[in-house]
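Student: Got a file for you: my_file_38.txt, compact mmCIF, C-alpha atoms and all ligand atoms.
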```txt
# COMPACT_ATOMS: atom_id res chain seq x y z
CA MET A 1359 7.71 19.62 -0.38
CA GLN A 1360 10.82 17.57 0.33
CA HIS A 1361 10.37 13.96 -0.53
CA ASP A 1362 12.44 11.10 0.77
CA GLN A 1363 15.12 11.15 -1.90
CA GLY A 1364 18.13 12.75 -0.22
CA VAL A 1365 20.54 10.29 1.37
CA ASN A 1366 23.32 11.56 3.53
CA PRO A 1367 24.72 8.65 5.50
CA THR A 1368 26.36 9.83 8.69
CA PRO A 1369 27.44 7.19 11.20
CA SER A 1370 26.85 7.67 14.92
CA LYS A 1371 23.90 10.00 14.74
CA PRO A 1372 21.03 9.39 17.19
CA SER A 1373 18.51 6.79 16.07
CA ALA A 1374 15.41 8.20 14.44
CA ARG A 1375 12.41 7.72 16.74
CA VAL A 1376 9.65 5.86 14.95
CA ALA A 1377 5.94 5.47 15.65
CA LEU A 1378 4.14 2.73 13.72
CA LEU A 1379 0.41 3.18 13.22
CA GLY A 1380 -1.38 0.07 12.01
CA THR A 1381 -0.47 -3.51 12.79
CA GLY A 1382 -2.50 -5.30 10.12
CA ASN A 1383 -1.01 -7.02 7.05
CA VAL A 1384 1.44 -4.25 6.24
CA GLY A 1385 2.16 -3.16 9.81
CA LYS A 1386 3.02 -6.74 10.84
CA ALA A 1387 5.42 -7.00 7.91
CA VAL A 1388 7.05 -3.73 9.04
CA LEU A 1389 7.51 -5.25 12.50
CA ASP A 1390 8.96 -8.45 10.98
CA ARG A 1391 11.43 -6.46 8.89
CA LEU A 1392 12.45 -4.33 11.87
CA ALA A 1393 12.82 -7.47 14.00
CA ALA A 1394 15.11 -9.02 11.37
CA TRP A 1395 17.33 -5.91 11.58
CA THR A 1396 17.86 -6.17 15.32
CA GLY A 1397 21.58 -5.77 16.05
CA THR A 1398 22.36 -4.37 12.57
CA PRO A 1399 23.17 -0.76 11.54
CA ARG A 1400 19.76 -0.52 9.89
CA GLY A 1401 18.07 -1.62 13.09
CA ALA A 1402 20.16 0.82 15.09
CA SER A 1403 19.14 3.74 12.92
CA LEU A 1404 15.41 3.30 13.62
CA ALA A 1405 14.17 3.15 17.23
CA LEU A 1406 10.55 2.01 17.47
CA VAL A 1407 9.03 3.96 20.37
CA HIS A 1408 5.31 3.60 19.68
CA ALA A 1409 3.19 0.97 17.97
CA GLY A 1410 -0.54 1.55 17.73
CA ASN A 1411 -3.62 0.06 16.16
CA SER A 1412 -7.32 0.69 16.49
CA ARG A 1413 -7.36 -1.31 19.78
CA GLY A 1414 -4.63 0.54 21.61
CA ALA A 1415 -0.90 1.15 21.68
CA LEU A 1416 2.41 0.09 23.17
CA ARG A 1417 5.03 2.65 24.04
CA ALA A 1418 8.58 2.60 25.41
CA GLY A 1419 11.98 4.29 25.05
CA ARG A 1420 12.79 1.54 22.58
CA LEU A 1421 10.27 -1.20 21.84
CA CYS A 1422 11.53 -4.60 20.73
CA PRO A 1423 9.78 -5.20 17.36
CA ALA A 1424 9.79 -8.98 17.90
CA ASP A 1425 8.04 -8.53 21.27
CA VAL A 1426 5.47 -6.24 19.74
CA ARG A 1427 4.86 -8.84 17.03
CA ARG A 1428 4.55 -11.62 19.63
CA ARG A 1429 2.00 -9.63 21.58
CA LEU A 1430 -0.05 -9.29 18.42
CA LEU A 1431 0.11 -13.02 17.78
CA ASP A 1432 -0.67 -14.21 21.30
CA GLY A 1433 -3.44 -11.65 21.70
CA SER A 1434 -1.86 -10.01 24.80
CA PRO A 1435 -3.78 -6.89 25.65
CA TRP A 1436 -2.60 -3.59 24.24
CA HIS A 1437 -3.01 -0.53 26.40
CA ALA A 1438 -6.43 0.80 25.67
CA ASP A 1439 -5.38 3.92 27.55
CA PRO A 1440 -6.95 6.72 25.50
CA VAL A 1441 -3.82 8.84 25.91
CA LEU A 1442 -1.75 6.12 24.29
CA ALA A 1443 -4.23 5.13 21.62
CA ASN A 1444 -5.27 8.69 20.84
CA LEU A 1445 -3.61 10.05 17.74
CA SER A 1446 -3.06 13.40 19.40
CA GLY A 1447 -0.58 11.71 21.75
CA VAL A 1448 1.62 10.15 19.07
CA ALA A 1449 3.77 13.27 18.72
CA ASP A 1450 4.51 13.10 22.48
CA ALA A 1451 5.74 9.54 22.09
CA LEU A 1452 8.34 10.81 19.62
CA ALA A 1453 9.60 13.65 21.78
CA GLY A 1454 13.18 13.47 23.08
CA ASN A 1455 16.13 15.51 24.22
CA ASP A 1456 18.33 14.95 21.19
CA PRO A 1457 17.92 16.28 17.64
CA ALA A 1458 16.93 12.86 16.23
CA HIS A 1459 14.51 12.61 13.37
CA ARG A 1460 10.93 11.78 14.34
CA ILE A 1461 9.05 9.55 11.90
CA ILE A 1462 5.46 8.34 11.85
CA ILE A 1463 4.85 5.29 9.67
CA ASP A 1464 1.22 5.11 8.62
CA ALA A 1465 0.26 1.52 7.81
CA THR A 1466 -3.45 2.10 8.28
CA ALA A 1467 -6.25 2.72 5.81
CA SER A 1468 -7.65 5.35 8.13
CA SER A 1469 -8.92 8.71 6.95
CA GLU A 1470 -8.66 9.95 10.52
CA VAL A 1471 -4.93 9.17 10.53
CA ALA A 1472 -4.49 10.79 7.09
CA ASP A 1473 -6.22 13.89 8.44
CA ASN A 1474 -3.39 14.18 10.95
CA HIS A 1475 -0.57 14.04 8.38
CA PRO A 1476 -0.47 17.85 7.84
CA ARG A 1477 -0.44 18.53 11.61
CA TRP A 1478 2.48 16.16 12.18
CA LEU A 1479 4.43 17.50 9.21
CA ALA A 1480 3.92 21.07 10.36
CA GLN A 1481 5.47 20.02 13.70
CA GLY A 1482 8.57 18.79 11.86
CA ILE A 1483 7.62 15.12 12.17
CA HIS A 1484 8.30 13.14 9.00
CA VAL A 1485 5.45 10.99 7.74
CA VAL A 1486 5.99 7.79 5.76
CA THR A 1487 2.79 6.26 4.48
CA ALA A 1488 1.27 3.34 2.62
CA CYS A 1489 -2.14 4.94 2.91
CA LYS A 1490 -3.29 6.75 -0.22
CA LEU A 1491 -5.92 8.84 1.53
CA GLY A 1492 -3.41 11.65 2.15
CA LEU A 1493 -2.23 12.43 -1.38
CA GLY A 1494 -4.88 10.58 -3.37
CA THR A 1495 -8.20 12.09 -2.30
CA THR A 1496 -9.10 15.79 -2.17
CA LEU A 1497 -6.84 18.43 -3.65
CA GLU A 1498 -7.26 20.37 -0.39
CA ARG A 1499 -5.72 17.55 1.66
CA TRP A 1500 -2.97 17.06 -0.91
CA GLN A 1501 -2.18 20.80 -0.79
CA ALA A 1502 -2.32 20.83 3.02
CA ILE A 1503 0.27 18.03 3.11
CA HIS A 1504 2.58 19.92 0.75
CA ASP A 1505 2.19 23.19 2.66
CA ALA A 1506 2.69 21.55 6.06
CA ALA A 1507 5.78 19.65 4.91
CA ALA A 1508 7.31 22.90 3.65
CA HIS A 1509 6.35 24.71 6.85
CA GLY A 1510 7.73 22.00 9.13
CA ASN A 1511 10.72 21.23 6.89
CA ALA A 1512 9.59 17.62 7.08
CA ARG A 1513 9.56 14.88 4.48
CA TYR A 1514 6.61 12.89 3.22
CA GLY A 1515 7.61 9.35 2.26
CA ASP A 1516 5.04 8.19 -0.27
CA SER A 1517 6.86 5.40 -2.17
CA ALA A 1518 4.48 2.76 -0.83
CA THR A 1519 1.32 4.57 -1.92
CA VAL A 1520 1.65 3.64 -5.60
CA GLY A 1521 3.21 0.39 -6.81
CA ALA A 1522 3.77 -0.80 -3.20
CA GLY A 1523 7.26 0.70 -3.16
CA LEU A 1524 8.20 0.33 -6.84
CA PRO A 1525 10.21 3.40 -7.92
CA LEU A 1526 7.31 5.02 -9.80
CA LEU A 1527 6.95 8.36 -8.05
CA ARG A 1528 10.72 8.61 -7.71
CA ASN A 1529 11.23 8.26 -11.47
CA ILE A 1530 8.54 10.80 -12.26
CA ARG A 1531 10.21 13.28 -9.88
CA ASP A 1532 13.70 12.50 -11.16
CA LEU A 1533 12.64 13.10 -14.76
CA GLN A 1534 11.15 16.47 -13.84
CA ALA A 1535 14.17 17.39 -11.73
CA GLY A 1536 16.25 16.71 -14.84
CA GLY A 1537 14.16 19.13 -16.89
CA ASP A 1538 11.61 16.81 -18.49
CA THR A 1539 7.89 17.46 -18.74
CA ILE A 1540 5.76 14.37 -18.20
CA HIS A 1541 3.48 14.05 -21.25
CA ALA A 1542 1.51 10.93 -20.39
CA ILE A 1543 1.47 7.89 -18.17
CA ALA A 1544 -0.42 4.63 -18.47
CA GLY A 1545 -0.34 1.42 -16.57
CA VAL A 1546 -1.55 -1.37 -14.38
CA LEU A 1547 -1.71 0.11 -10.88
CA SER A 1548 -3.74 -2.45 -8.95
CA GLY A 1549 -1.75 -5.41 -7.69
CA SER A 1550 -4.85 -7.29 -6.61
CA LEU A 1551 -6.66 -6.84 -9.93
CA ALA A 1552 -3.46 -7.72 -11.78
CA TRP A 1553 -3.21 -10.92 -9.74
CA LEU A 1554 -6.90 -11.66 -10.34
CA PHE A 1555 -6.73 -11.16 -14.11
CA ASN A 1556 -3.43 -13.08 -14.30
CA HIS A 1557 -5.03 -16.10 -12.61
CA TYR A 1558 -8.65 -15.98 -13.68
CA ASP A 1559 -9.51 -18.74 -16.16
CA GLY A 1560 -13.28 -18.34 -16.18
CA LYS A 1561 -13.76 -21.62 -14.29
CA LYS A 1562 -13.18 -20.81 -10.64
CA PRO A 1563 -15.65 -18.10 -9.50
CA PHE A 1564 -14.10 -14.65 -9.49
CA SER A 1565 -15.55 -14.15 -5.98
CA GLU A 1566 -13.47 -17.06 -4.64
CA MET A 1567 -10.39 -15.54 -6.20
CA VAL A 1568 -11.13 -12.15 -4.67
CA ASP A 1569 -11.23 -13.92 -1.33
CA GLU A 1570 -7.85 -15.55 -2.07
CA ALA A 1571 -6.39 -12.17 -3.02
CA ARG A 1572 -7.75 -10.72 0.21
CA GLN A 1573 -6.26 -13.55 2.27
CA ALA A 1574 -2.92 -13.10 0.51
CA GLY A 1575 -2.97 -9.43 1.59
CA TYR A 1576 -3.20 -7.97 -1.91
CA THR A 1577 -6.56 -6.24 -1.61
CA GLU A 1578 -7.56 -3.22 0.39
CA PRO A 1579 -9.01 -4.05 3.84
CA ASP A 1580 -12.36 -3.79 2.00
CA PRO A 1581 -11.84 -5.44 -1.44
CA ARG A 1582 -14.67 -3.34 -2.86
CA GLU A 1583 -12.20 -0.45 -2.87
CA ASP A 1584 -10.27 -2.41 -5.50
CA LEU A 1585 -13.29 -3.60 -7.48
CA THR A 1586 -14.85 -0.14 -7.70
CA GLY A 1587 -11.59 1.32 -8.98
CA ASP A 1588 -11.37 3.70 -6.02
CA ASP A 1589 -7.90 2.39 -5.14
CA VAL A 1590 -6.63 2.95 -8.69
CA ARG A 1591 -8.34 6.34 -8.84
CA ARG A 1592 -6.27 7.37 -5.80
CA LYS A 1593 -3.07 6.04 -7.36
CA ILE A 1594 -3.50 7.79 -10.71
CA LEU A 1595 -4.34 10.99 -8.80
CA ILE A 1596 -1.12 10.67 -6.79
CA LEU A 1597 0.90 10.08 -9.97
CA ALA A 1598 -0.86 12.83 -11.92
CA ARG A 1599 -0.35 15.38 -9.16
CA ALA A 1600 3.31 14.40 -8.87
CA ALA A 1601 3.58 14.79 -12.65
CA GLY A 1602 2.30 18.38 -12.39
CA VAL A 1603 -1.36 17.75 -13.26
CA PRO A 1604 -3.35 18.72 -10.15
CA LEU A 1605 -6.52 16.76 -10.91
CA ALA A 1606 -9.47 16.70 -8.54
CA SER A 1607 -10.78 13.31 -7.55
CA ASP A 1608 -13.97 13.59 -9.60
CA GLU A 1609 -11.97 14.51 -12.69
CA VAL A 1610 -10.80 10.92 -13.03
CA GLU A 1611 -13.21 8.92 -15.17
CA VAL A 1612 -13.40 5.55 -13.44
CA GLU A 1613 -15.10 2.43 -14.74
CA SER A 1614 -16.04 0.50 -11.60
CA LEU A 1615 -16.20 -3.24 -12.15
CA LEU A 1616 -19.25 -3.28 -9.92
CA ASP A 1617 -21.04 -0.63 -11.97
CA LEU A 1618 -19.96 -2.31 -15.17
CA ALA A 1619 -21.92 -5.39 -14.20
CA GLY A 1620 -24.81 -3.31 -12.91
CA ARG A 1621 -25.11 -1.44 -16.19
CA GLU A 1622 -25.68 -4.69 -18.07
CA THR A 1623 -28.45 -5.86 -15.78
CA GLY A 1624 -29.98 -2.55 -14.83
CA GLN A 1625 -29.05 -3.23 -11.20
CA ASP A 1626 -27.07 -0.43 -9.60
CA ARG A 1627 -24.08 -0.94 -7.35
CA HIS A 1628 -26.17 -0.41 -4.26
CA GLY A 1629 -28.62 -3.03 -5.44
CA ALA A 1630 -25.71 -5.37 -6.01
CA ARG A 1631 -24.38 -4.65 -2.53
CA ARG A 1632 -27.64 -5.57 -0.90
CA ASP A 1633 -27.13 -9.27 -1.70
CA ASP A 1634 -23.97 -8.95 0.39
CA SER A 1635 -21.54 -10.66 -1.99
CA VAL A 1636 -18.42 -8.75 -2.96
CA VAL A 1637 -18.74 -10.08 -6.50
CA PRO A 1638 -22.43 -10.13 -7.44
CA PRO A 1639 -23.62 -12.79 -9.92
CA PRO A 1640 -23.94 -10.31 -12.83
CA LEU A 1641 -20.27 -9.42 -12.46
CA GLU A 1642 -19.31 -13.12 -12.39
CA ALA A 1643 -21.17 -13.61 -15.66
CA LEU A 1644 -19.75 -10.49 -17.26
CA LEU A 1645 -16.16 -11.36 -16.36
CA GLN A 1646 -16.58 -14.92 -17.58
CA ARG A 1647 -17.78 -13.61 -20.94
CA ARG A 1648 -15.10 -10.90 -21.22
CA HIS A 1649 -12.40 -13.44 -20.31
CA ARG A 1650 -13.69 -15.98 -22.85
CA ASP A 1651 -13.81 -13.36 -25.64
CA ALA A 1652 -10.32 -12.09 -24.80
CA ALA A 1653 -8.83 -15.60 -24.58
CA ALA A 1654 -10.37 -16.52 -27.94
CA ARG A 1655 -8.17 -13.90 -29.59
CA GLY A 1656 -5.13 -14.44 -27.39
CA ALA A 1657 -5.72 -11.17 -25.53
CA GLN A 1658 -5.60 -10.23 -21.83
CA LEU A 1659 -7.99 -8.37 -19.52
CA ARG A 1660 -6.16 -5.51 -17.80
CA TYR A 1661 -7.44 -2.74 -15.53
CA ILE A 1662 -5.62 0.27 -16.96
CA ALA A 1663 -5.16 3.81 -15.67
CA ARG A 1664 -4.19 6.54 -18.14
CA LEU A 1665 -3.16 10.16 -17.78
CA GLN A 1666 -3.15 12.01 -21.07
CA ASN A 1667 -3.90 15.53 -22.30
CA GLY A 1668 -4.68 16.72 -18.77
CA GLY A 1669 -7.32 14.04 -18.13
CA ALA A 1670 -7.31 10.63 -16.48
CA THR A 1671 -9.26 7.43 -17.03
CA VAL A 1672 -9.39 4.06 -15.31
CA ARG A 1673 -11.08 1.17 -17.07
CA LEU A 1674 -11.08 -2.54 -17.85
CA GLU A 1675 -9.41 -3.04 -21.23
CA THR A 1676 -8.82 -6.02 -23.47
CA LEU A 1677 -5.22 -5.82 -24.65
CA ASP A 1678 -3.56 -7.84 -27.37
CA ALA A 1679 -0.83 -10.09 -26.03
CA THR A 1680 1.76 -7.93 -27.80
CA HIS A 1681 0.58 -4.72 -26.12
CA PRO A 1682 3.34 -3.29 -23.87
CA LEU A 1683 1.00 -3.26 -20.85
CA ALA A 1684 -0.37 -6.77 -21.39
CA SER A 1685 2.56 -8.77 -20.05
CA GLY A 1686 3.19 -9.35 -16.37
CA ALA A 1687 2.69 -12.02 -13.75
CA GLY A 1688 1.52 -12.28 -10.16
CA THR A 1689 0.68 -8.88 -8.72
CA ASP A 1690 2.84 -7.02 -11.24
CA ASN A 1691 2.22 -3.33 -11.70
CA LYS A 1692 3.51 -1.86 -14.91
CA LEU A 1693 3.84 1.84 -15.64
CA ALA A 1694 4.77 3.49 -18.93
CA ILE A 1695 5.95 7.12 -18.72
CA TRP A 1696 6.25 9.42 -21.75
CA SER A 1697 8.34 12.54 -21.21
CA ASP A 1698 10.60 14.85 -23.24
CA ARG A 1699 13.40 12.33 -23.38
CA TYR A 1700 11.08 9.32 -23.64
CA ARG A 1701 8.88 10.70 -26.40
CA ASP A 1702 8.42 7.72 -28.72
CA GLN A 1703 9.35 4.79 -26.53
CA PRO A 1704 8.19 5.23 -22.94
CA LEU A 1705 10.17 4.44 -19.84
CA VAL A 1706 8.55 1.25 -18.49
CA ILE A 1707 8.76 0.13 -14.86
CA GLN A 1708 7.39 -3.22 -13.79
CA GLY A 1709 7.35 -5.32 -10.63
CA PRO A 1710 5.19 -6.65 -7.80
CA GLY A 1711 2.61 -4.01 -6.92
CA ALA A 1712 0.89 -5.44 -3.86
CA GLY A 1713 1.71 -7.56 -0.84
CA ALA A 1714 2.65 -6.85 2.74
CA GLU A 1715 6.37 -7.57 2.40
CA VAL A 1716 7.10 -5.32 -0.59
CA THR A 1717 4.94 -2.58 0.90
CA ALA A 1718 6.71 -2.79 4.25
CA ALA A 1719 10.05 -2.70 2.46
CA GLY A 1720 8.96 0.44 0.59
CA LEU A 1721 7.89 2.09 3.84
CA LEU A 1722 11.13 1.24 5.59
CA ASP A 1723 13.24 2.32 2.59
CA ASP A 1724 11.63 5.76 2.94
CA ALA A 1725 12.15 5.74 6.71
CA LEU A 1726 15.82 4.76 6.33
CA ARG A 1727 16.43 7.50 3.75
CA ILE A 1728 15.06 10.00 6.25
CA ALA A 1729 16.98 8.47 9.18
CA ARG A 1730 20.24 8.66 7.25
CA SER A 1731 19.78 12.30 6.28
CA THR A 1732 21.08 15.04 8.53
CA PRO A 1733 18.42 16.57 10.78
CA ASP A 1734 17.92 20.19 9.69
N1 LIG B 1801 -1.74 -4.69 1.05
C1 LIG B 1801 -1.00 -4.12 0.14
O1 LIG B 1801 -0.46 -4.75 -0.77
C2 LIG B 1801 -0.79 -2.65 0.17
C3 LIG B 1801 -1.43 -1.86 1.09
N2 LIG B 1801 -1.24 -0.53 1.09
C4 LIG B 1801 -1.93 0.26 2.09
O2 LIG B 1801 -1.48 -0.12 3.38
C5 LIG B 1801 -2.48 0.25 4.35
C6 LIG B 1801 -2.68 -0.90 5.31
O3 LIG B 1801 -3.19 -2.02 4.63
P1 LIG B 1801 -3.41 -3.41 5.41
O4 LIG B 1801 -2.26 -3.65 6.31
O5 LIG B 1801 -3.76 -4.40 4.38
O6 LIG B 1801 -4.69 -3.06 6.27
P2 LIG B 1801 -5.24 -3.85 7.56
O7 LIG B 1801 -6.71 -3.62 7.59
O8 LIG B 1801 -4.70 -5.23 7.60
O9 LIG B 1801 -4.56 -3.05 8.79
C7 LIG B 1801 -4.92 -1.74 9.12
C8 LIG B 1801 -4.41 -1.46 10.51
O10 LIG B 1801 -4.67 -0.09 10.83
C9 LIG B 1801 -5.13 -0.02 12.17
N3 LIG B 1801 -5.85 1.23 12.39
C10 LIG B 1801 -7.04 1.61 11.90
N4 LIG B 1801 -7.37 2.83 12.37
C11 LIG B 1801 -6.34 3.23 13.16
C12 LIG B 1801 -6.07 4.38 13.96
N5 LIG B 1801 -6.94 5.39 14.01
N6 LIG B 1801 -4.91 4.44 14.67
C13 LIG B 1801 -4.03 3.41 14.62
N7 LIG B 1801 -4.23 2.30 13.89
C14 LIG B 1801 -5.37 2.21 13.18
C15 LIG B 1801 -5.98 -1.27 12.32
O11 LIG B 1801 -6.19 -1.57 13.69
C16 LIG B 1801 -5.06 -2.28 11.63
O12 LIG B 1801 -4.06 -2.72 12.52
C17 LIG B 1801 -3.72 0.64 3.53
O13 LIG B 1801 -3.81 2.02 3.47
C18 LIG B 1801 -3.43 0.08 2.14
O14 LIG B 1801 -4.04 0.82 1.12
C19 LIG B 1801 -0.40 0.09 0.24
C20 LIG B 1801 0.28 -0.62 -0.70
C21 LIG B 1801 0.11 -2.06 -0.83
N1 LIG B 1802 -5.16 -3.05 -2.89
C1 LIG B 1802 -3.98 -2.51 -3.49
C2 LIG B 1802 -2.81 -2.73 -2.61
C3 LIG B 1802 -1.71 -1.84 -2.93
O1 LIG B 1802 -1.84 -0.62 -3.01
C4 LIG B 1802 -3.74 -3.16 -4.85
O2 LIG B 1802 -4.45 -4.08 -5.16
O3 LIG B 1802 -2.86 -2.70 -5.58
```
Will you turn the file into structure tokens for me?
Tutor:
Amino acid sequence: MQHDQGVNPTPSKPSARVALLGTGNVGKAVLDRLAAWTGTPRGASLALVHAGNSRGALRAGRLCPADVRRRLLDGSPWHADPVLANLSGVADALAGNDPAHRIIIDATASSEVADNHPRWLAQGIHVVTACKLGLGTTLERWQAIHDAAAHGNARYGDSATVGAGLPLLRNIRDLQAGGDTIHAIAGVLSGSLAWLFNHYDGKKPFSEMVDEARQAGYTEPDPREDLTGDDVRRKILILARAAGVPLASDEVEVESLLDLAGRETGQDRHGARRDDSVVPPPLEALLQRRHRDAAARGAQLRYIARLQNGGATVRLETLDATHPLASGAGTDNKLAIWSDRYRDQPLVIQGPGAGAEVTAAGLLDDALRIARSTPD
């Protein structure tokens, strides 16, 4: 599968036609970034022709991103026309008479949209995605995406799926392209949990902080996806598969924070869900105690994913302050990669790993790389 790495800037080629799916936290930030590029070469290289969400869609020869954004803010109706809103019509929106690239930007968390990635790729439409459900769930879907991209000679821009656009996948691929085998990777891959554990002091309820992280746009649309470890499971799967270890989803051993609390009290996750709080009282108590114990020895709580010896784990760890993965602030993700050339000391990449702006930037970096390449 071709990824979005080749850059071949050629002035005066037709603008790539772009469809944006999803106008939530990330999609809005994509629109803001596109609006800020109006009248610039970057803006000229990407023509937004379709913007859709679960309510409907807008479509035109060239949509004005600022207008689309305004219509979201003022609540103007979006066409609920099934032809426009229906995913099967998105490819039509991208059709044109010139050989311009066609790009779908997926800023949804929708499995239905991810199901369509292989179909679009097979049609030669490039897909750029923040959604991890394409590469980070079943091996069958992951394989279908690879096969379809090869068949359609299309690219799959996945920078935003892990690390919210940090160059994690790119470095793993570059190392392998240079002849290295990836031996192991380990890191903090959840921006929301990093933010939570960086700010939690055991005084303010963890549940309130989860709500703050949600409002700041760091969590998944459903924060339980972060707390159960499902989001990190998908990310370590995406990294592992890119590193040449084709793990199935259930081969990742995940310690869900929700189950962790349930195990202590004998209440299962479903029992905990019935009281309708995202962070049930047993988890509050458990985190308070784990935080107090860690702080007493100057250590940090970190939710760590590891790929080693062909297996992967995700769990809450207490790391000494001097541990290479312990440092970091805000939503920082931090990934250590061991390979042939980085055998003793790993390559370490760190930076903000959640948030609408960085994610939108990662998506549009991928889209620009595609737009600047020569259509095949
Ligand atoms: N928030 C972050 O820091 C990061 C988020 N992501 C990913 O970005 C994606 C979007 O996240 P948010 O913007 O926070 O979600 P959100 O819930 O704010 O927005 C999702 C959008 O998708 C739309 N949508 C749902 N089904 C659709 C369909 N069938 N067709 C068209 N649109 C549809 C919804 O109407 C909504 O506009 C998720 O997959 C998330 O995992 C990735 C990296 C970082
Ligand atoms: N919910 C995710 C957002 C980015 O993928 C996270 O917390 O990292």
Student: Residues within 7 Å of ligand LIG 1802 (chain B) should be enumerated using only C-alpha atoms and all ligand atoms and returned as JSON, numbers by chain.
Tutor: {"A": [1519, 1520, 1521, 1522, 1547, 1548, 1549, 1550, 1551, 1576, 1577, 1578, 1584, 1589, 1711, 1712, 1713]}
Student: How many Å lie between CA of Gly1510 (chain A) and CA of Leu1479 (chain A), rounded to one decimal?
Tutor: 5.6 Å
Student: Which of these residues is nearest to Val1590 (chain A), using only C-alpha atoms: A:Glu1570, A:Asp1464, A:Glu1613, A:Asp1678?
Tutor: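 Closest candidate: A:Glu1613.
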Student: At a cut-off of 8 Å and counting all atoms listed in the file, what residues surround ligand LIG 1801 (chain B)? Please answer as a JSON list (two decimals) with C-alpha atoms, in the coordinates of the input.
Tutor:
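Just written: selection-v7.json:
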```
[["chain", "number", "residue", "atom", "x", "y", "z"],
["A", 1379, "LEU", "CA", 0.41, 3.18, 13.22],
["A", 1380, "GLY", "CA", -1.38, 0.07, 12.01],
["A", 1381, "THR", "CA", -0.47, -3.51, 12.79],
["A", 1382, "GLY", "CA", -2.50, -5.30, 10.12],
["A", 1383, "ASN", "CA", -1.01, -7.02, 7.05],
["A", 1384, "VAL", "CA", 1.44, -4.25, 6.24],
["A", 1385, "GLY", "CA", 2.16, -3.16, 9.81],
["A", 1386, "LYS", "CA", 3.02, -6.74, 10.84],
["A", 1410, "GLY", "CA", -0.54, 1.55, 17.73],
["A", 1411, "ASN", "CA", -3.62, 0.06, 16.16],
["A", 1412, "SER", "CA", -7.32, 0.69, 16.49],
["A", 1413, "ARG", "CA", -7.36, -1.31, 19.78],
["A", 1414, "GLY", "CA", -4.63, 0.54, 21.61],
["A", 1443, "ALA", "CA", -4.23, 5.13, 21.62],
["A", 1444, "ASN", "CA", -5.27, 8.69, 20.84],
["A", 1445, "LEU", "CA", -3.61, 10.05, 17.74],
["A", 1464, "ASP", "CA", 1.22, 5.11, 8.62],
["A", 1465, "ALA", "CA", 0.26, 1.52, 7.81],
["A", 1466, "THR", "CA", -3.45, 2.10, 8.28],
["A", 1467, "ALA", "CA", -6.25, 2.72, 5.81],
["A", 1468, "SER", "CA", -7.65, 5.35, 8.13],
["A", 1470, "GLU", "CA", -8.66, 9.95, 10.52],
["A", 1471, "VAL", "CA", -4.93, 9.17, 10.53],
["A", 1487, "THR", "CA", 2.79, 6.26, 4.48],
["A", 1488, "ALA", "CA", 1.27, 3.34, 2.62],
["A", 1489, "CYS", "CA", -2.14, 4.94, 2.91],
["A", 1490, "LYS", "CA", -3.29, 6.75, -0.22],
["A", 1491, "LEU", "CA", -5.92, 8.84, 1.53],
["A", 1518, "ALA", "CA", 4.48, 2.76, -0.83],
["A", 1519, "THR", "CA", 1.32, 4.57, -1.92],
["A", 1520, "VAL", "CA", 1.65, 3.64, -5.60],
["A", 1521, "GLY", "CA", 3.21, 0.39, -6.81],
["A", 1522, "ALA", "CA", 3.77, -0.80, -3.20],
["A", 1523, "GLY", "CA", 7.26, 0.70, -3.16],
["A", 1549, "GLY", "CA", -1.75, -5.41, -7.69],
["A", 1550, "SER", "CA", -4.85, -7.29, -6.61],
["A", 1575, "GLY", "CA", -2.97, -9.43, 1.59],
["A", 1576, "TYR", "CA", -3.20, -7.97, -1.91],
["A", 1577, "THR", "CA", -6.56, -6.24, -1.61],
["A", 1578, "GLU", "CA", -7.56, -3.22, 0.39],
["A", 1579, "PRO", "CA", -9.01, -4.05, 3.84],
["A", 1580, "ASP", "CA", -12.36, -3.79, 2.00],
["A", 1589, "ASP", "CA", -7.90, 2.39, -5.14],
["A", 1711, "GLY", "CA", 2.61, -4.01, -6.92],
["A", 1712, "ALA", "CA", 0.89, -5.44, -3.86],
["A", 1713, "GLY", "CA", 1.71, -7.56, -0.84],
["A", 1714, "ALA", "CA", 2.65, -6.85, 2.74],
["A", 1716, "VAL", "CA", 7.10, -5.32, -0.59],
["A", 1717, "THR", "CA", 4.94, -2.58, 0.90]]
```
Student: From the list A:Gln1703, A:Ser1697, A:Asn1691, A:Ser1635, which residue is nearest Ile1543 (chain A) when using all atoms listed in the file?
Tutor: A:Ser1697
Student: In terms of the shortest atom-to-atom distance over all atoms listed in the file, which of A:Val1486, A:Ile1530, A:Val1388, A:Val1612 is closest to Arg1513 (chain A)?
Tutor: A:Val1486
Student: Could you state the separation of CA of Val1407 (chain A) and CA of Trp1478 (chain A) in Å, given to one decimal place?
Tutor: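 That distance, rounded to one decimal, is 16.1 Å.
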Student: List every protein, DNA or RNA residue that has at least one atom no more than 12 Å from (-7.1, -8.0, -23.8) in the file's coordinates, counting only C-alpha atoms, and write the result as a list in words.
Tutor: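 Output: Phe1555, Asn1556, Arg1648, His1649, Arg1650, Asp1651, Ala1652, Ala1653, Ala1654, Arg1655, Gly1656, Ala1657, Gln1658, Leu1659, Arg1660, Tyr1661, Ile1662, Leu1674, Glu1675, Thr1676, Leu1677, Asp1678, Ala1679, Thr1680, His1681, Pro1682, Leu1683, Ala1684 and Ser1685 of chain A.
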Student: Would you list the residues near (-9.0, 16.5, -4.8), meaning any protein, DNA or RNA residue with an atom at most 12 Å from that point in file coordinates, counting all atoms listed in the file, as number ranges by chain?
Tutor: A: 1491-1502, 1591-1592, 1594-1596, 1598-1599, 1603-1610
Student: Between A:Ser1469, A:Gln1646, A:Ser1373, A:Asn1474, which one has atoms that come closest to Ser1446 (chain A), using only C-alpha atoms?
Tutor: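 Smallest distance to Ser1446 (chain A) is found for A:Asn1474.
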